[in-house]
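**Student:** After the C-alpha coordinates below, expect a handful of questions from me.
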Amino acid sequence: MTDEELRRLKRADLLELLVTQGKEKEALQEKLRQAEETLAGRRIQLDEAGNIAEAALRMNGVFEAAQAASAQYLETIRIMSQETESRCARMEEVSRTRAEKLEAEAEARARALETETTARCQALEAETKAKCDQMVAQAEAETREFWDMVSQRLENFYNEHAGLRELLALDKLNGAAHESDHE
(Lines give C-alpha, C1' and ligand atoms only; values in the text may rest on other atoms or scores of the structure.)
Protein backbone atom coordinates (compact mmCIF):
# COMPACT_ATOMS: atom_id res chain seq x y z
CA MET A 1 0.00 0.00 0.00
CA THR A 2 1.47 3.40 -1.02
CA ASP A 3 1.80 6.46 1.19
CA GLU A 4 -0.90 8.21 -0.86
CA GLU A 5 -3.34 5.35 -0.29
CA LEU A 6 -2.55 5.33 3.45
CA ARG A 7 -3.15 9.09 3.66
CA ARG A 8 -6.59 8.70 2.18
CA LEU A 9 -7.61 6.06 4.71
CA LYS A 10 -9.95 7.06 7.49
CA ARG A 11 -9.26 6.37 11.14
CA ALA A 12 -11.65 3.40 11.05
CA ASP A 13 -9.79 1.96 8.04
CA LEU A 14 -6.46 2.42 9.81
CA LEU A 15 -7.81 0.68 12.89
CA GLU A 16 -9.10 -2.14 10.69
CA LEU A 17 -5.63 -2.38 9.12
CA LEU A 18 -4.10 -2.60 12.61
CA VAL A 19 -6.59 -5.32 13.55
CA THR A 20 -5.64 -7.22 10.39
CA GLN A 21 -1.98 -6.87 11.30
CA GLY A 22 -2.78 -8.14 14.79
CA LYS A 23 -4.48 -11.18 13.29
CA GLU A 24 -1.47 -11.77 11.07
CA LYS A 25 0.74 -11.52 14.15
CA GLU A 26 -1.40 -14.10 15.91
CA ALA A 27 -1.21 -16.33 12.85
CA LEU A 28 2.58 -15.94 12.79
CA GLN A 29 2.74 -16.71 16.51
CA GLU A 30 0.66 -19.81 15.85
CA LYS A 31 3.09 -20.81 13.08
CA LEU A 32 5.96 -20.17 15.48
CA ARG A 33 4.24 -22.37 18.09
CA GLN A 34 3.78 -25.07 15.48
CA ALA A 35 7.39 -24.66 14.46
CA GLU A 36 8.43 -25.04 18.07
CA GLU A 37 6.30 -28.16 18.31
CA THR A 38 7.91 -29.40 15.14
CA LEU A 39 11.27 -28.53 16.64
CA ALA A 40 10.39 -30.53 19.71
CA GLY A 41 9.39 -33.38 17.45
CA ARG A 42 12.63 -33.06 15.56
CA ARG A 43 14.55 -33.11 18.79
CA ILE A 44 12.97 -36.44 19.41
CA GLN A 45 13.97 -37.44 15.89
CA LEU A 46 17.44 -36.12 16.59
CA ASP A 47 17.65 -38.21 19.69
CA GLU A 48 16.44 -41.17 17.69
CA ALA A 49 18.68 -40.46 14.73
CA GLY A 50 21.66 -39.73 16.87
CA ASN A 51 23.09 -37.38 14.30
CA ILE A 52 23.22 -33.79 15.62
CA ALA A 53 24.62 -32.33 12.44
CA GLU A 54 21.84 -33.82 10.33
CA ALA A 55 19.09 -32.55 12.69
CA ALA A 56 20.59 -29.04 12.79
CA LEU A 57 20.54 -28.86 9.00
CA ARG A 58 16.85 -29.89 8.94
CA MET A 59 15.89 -27.44 11.71
CA ASN A 60 17.75 -24.53 10.15
CA GLY A 61 14.99 -23.97 7.61
CA VAL A 62 12.30 -23.78 10.30
CA PHE A 63 14.22 -21.22 12.36
CA GLU A 64 15.02 -19.15 9.30
CA ALA A 65 11.31 -19.07 8.34
CA ALA A 66 10.24 -18.08 11.85
CA GLN A 67 12.99 -15.42 12.01
CA ALA A 68 11.97 -14.01 8.63
CA ALA A 69 8.28 -13.93 9.59
CA SER A 70 8.93 -12.12 12.86
CA ALA A 71 11.30 -9.63 11.15
CA GLN A 72 8.67 -8.95 8.48
CA TYR A 73 6.00 -8.44 11.15
CA LEU A 74 8.18 -6.03 13.13
CA GLU A 75 9.03 -4.06 9.98
CA THR A 76 5.34 -3.78 9.08
CA ILE A 77 4.53 -2.48 12.57
CA ARG A 78 7.41 0.05 12.37
CA ILE A 79 6.23 1.34 8.97
CA MET A 80 2.61 1.62 10.12
CA SER A 81 3.71 3.48 13.26
CA GLN A 82 5.73 5.98 11.20
CA GLU A 83 2.82 6.50 8.80
CA THR A 84 0.41 7.03 11.69
CA GLU A 85 2.75 9.57 13.30
CA SER A 86 3.12 11.34 9.96
CA ARG A 87 -0.65 11.47 9.46
CA CYS A 88 -1.17 12.79 12.98
CA ALA A 89 1.42 15.53 12.40
CA ARG A 90 -0.32 16.55 9.15
CA MET A 91 -3.72 16.58 10.88
CA GLU A 92 -2.30 18.69 13.70
CA GLU A 93 -0.86 21.17 11.17
CA VAL A 94 -4.21 21.37 9.35
CA SER A 95 -6.00 21.96 12.65
CA ARG A 96 -3.50 24.64 13.65
CA THR A 97 -3.91 26.38 10.29
CA ARG A 98 -7.71 26.28 10.59
CA ALA A 99 -7.55 27.67 14.13
CA GLU A 100 -5.28 30.52 13.00
CA LYS A 101 -7.63 31.29 10.11
CA LEU A 102 -10.68 31.31 12.40
CA GLU A 103 -8.85 33.55 14.87
CA ALA A 104 -7.92 36.00 12.08
CA GLU A 105 -11.53 36.02 10.83
CA ALA A 106 -12.84 36.67 14.35
CA GLU A 107 -10.39 39.54 14.82
CA ALA A 108 -11.42 41.04 11.46
CA ARG A 109 -15.10 40.77 12.41
CA ALA A 110 -14.40 42.38 15.78
CA ARG A 111 -12.56 45.28 14.11
CA ALA A 112 -15.40 45.72 11.62
CA LEU A 113 -17.97 45.76 14.44
CA GLU A 114 -15.86 48.23 16.39
CA THR A 115 -15.59 50.51 13.35
CA GLU A 116 -19.33 50.25 12.70
CA THR A 117 -20.14 50.96 16.36
CA THR A 118 -17.80 53.96 16.41
CA ALA A 119 -19.45 55.35 13.27
CA ARG A 120 -22.91 54.84 14.75
CA CYS A 121 -21.88 56.54 18.00
CA GLN A 122 -20.43 59.49 16.12
CA ALA A 123 -23.59 59.81 14.03
CA LEU A 124 -25.79 59.65 17.14
CA GLU A 125 -23.55 62.18 18.89
CA ALA A 126 -23.77 64.57 15.92
CA GLU A 127 -27.55 64.11 15.75
CA THR A 128 -27.90 64.73 19.50
CA LYS A 129 -25.67 67.82 19.30
CA ALA A 130 -27.76 69.17 16.41
CA LYS A 131 -30.97 68.59 18.40
CA CYS A 132 -29.46 70.25 21.47
CA ASP A 133 -28.30 73.25 19.41
CA GLN A 134 -31.78 73.50 17.90
CA MET A 135 -33.40 73.31 21.35
CA VAL A 136 -31.04 76.00 22.73
CA ALA A 137 -31.74 78.26 19.74
CA GLN A 138 -35.48 77.71 20.18
CA ALA A 139 -35.25 78.45 23.93
CA GLU A 140 -33.24 81.63 23.26
CA ALA A 141 -35.78 82.72 20.64
CA GLU A 142 -38.67 82.03 23.02
CA THR A 143 -36.85 83.92 25.80
CA ARG A 144 -36.22 86.95 23.53
CA GLU A 145 -39.84 86.85 22.40
CA PHE A 146 -41.03 86.67 26.03
CA TRP A 147 -38.80 89.58 27.10
CA ASP A 148 -39.84 91.60 24.07
CA MET A 149 -43.47 90.99 25.02
CA VAL A 150 -42.85 91.89 28.69
CA SER A 151 -40.92 95.02 27.65
CA GLN A 152 -43.72 95.97 25.27
CA ARG A 153 -46.33 95.53 27.98
CA LEU A 154 -44.29 97.57 30.44
CA GLU A 155 -43.80 100.28 27.84
CA ASN A 156 -47.56 100.25 27.09
CA PHE A 157 -48.36 100.39 30.79
CA TYR A 158 -45.89 103.22 31.26
CA ASN A 159 -47.29 105.13 28.28
CA GLU A 160 -50.87 104.63 29.41
CA HIS A 161 -50.17 105.98 32.83
CA ALA A 162 -48.53 109.35 32.19
CA GLY A 163 -49.13 110.37 35.72
CA LEU A 164 -46.97 107.54 36.86
CA ARG A 165 -44.22 108.86 34.66
CA GLU A 166 -44.42 112.27 36.25
CA LEU A 167 -44.45 110.68 39.66
CA LEU A 168 -41.37 108.68 38.80
CA ALA A 169 -39.67 111.81 37.47
CA LEU A 170 -40.38 113.58 40.75
CA ASP A 171 -38.96 110.62 42.66
CA LYS A 172 -35.80 110.88 40.65
CA LEU A 173 -35.50 114.60 41.42
CA ASN A 174 -36.17 114.07 45.10
CA GLY A 175 -33.71 111.23 45.18
CA ALA A 176 -31.09 113.43 43.58
CA ALA A 177 -31.81 116.23 46.02
CA HIS A 178 -31.58 113.81 48.92
CA GLU A 179 -28.29 112.62 47.71
CA SER A 180 -26.87 116.14 47.52
CA ASP A 181 -28.08 116.84 51.08
CA HIS A 182 -26.25 113.86 52.38
CA GLU A 183 -23.04 114.87 50.84
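Letters for chains follow the order of the C-alpha coordinates (A, B, ...), residue numbers begin at 1 for each chain, and ligand numbers begin at 1 in the order shown.
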Do you know which residues are at most 12 Å from A:Arg87 counting only C-alpha atoms, after dropping those on the same chain fewer than 6 positions away, and could you put them as a PyMOL selection string?
**Tutor:** chain A and resi 3-11+14+80-81+93-94
**Student:** Using only C-alpha atoms, which of the listed residues (A:Ala27, A:Ala169, A:Phe63, A:Ile77) sits closest to A:Leu39?
**Tutor:**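 Looking at the shortest contact to A:Leu39, the residue is A:Phe63.
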**Student:** Just how far from atom CA of A:Glu145 is atom CA of A:His161, in Å to one decimal?
**Tutor:**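 So the answer is 24.1 Å.
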**Student:** Report, in Å with one decimal, the straight-line distance from atom CA of A:Lys25 to atom CA of A:Tyr73.
**Tutor:**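 Pair atom CA of A:Lys25 / atom CA of A:Tyr73 returns 6.8 Å.
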**Student:** Between atom CA of A:Ala65 and atom CA of A:Leu28, what is the distance in Å, rounded to a tenth?
**Tutor:** 10.3 Å
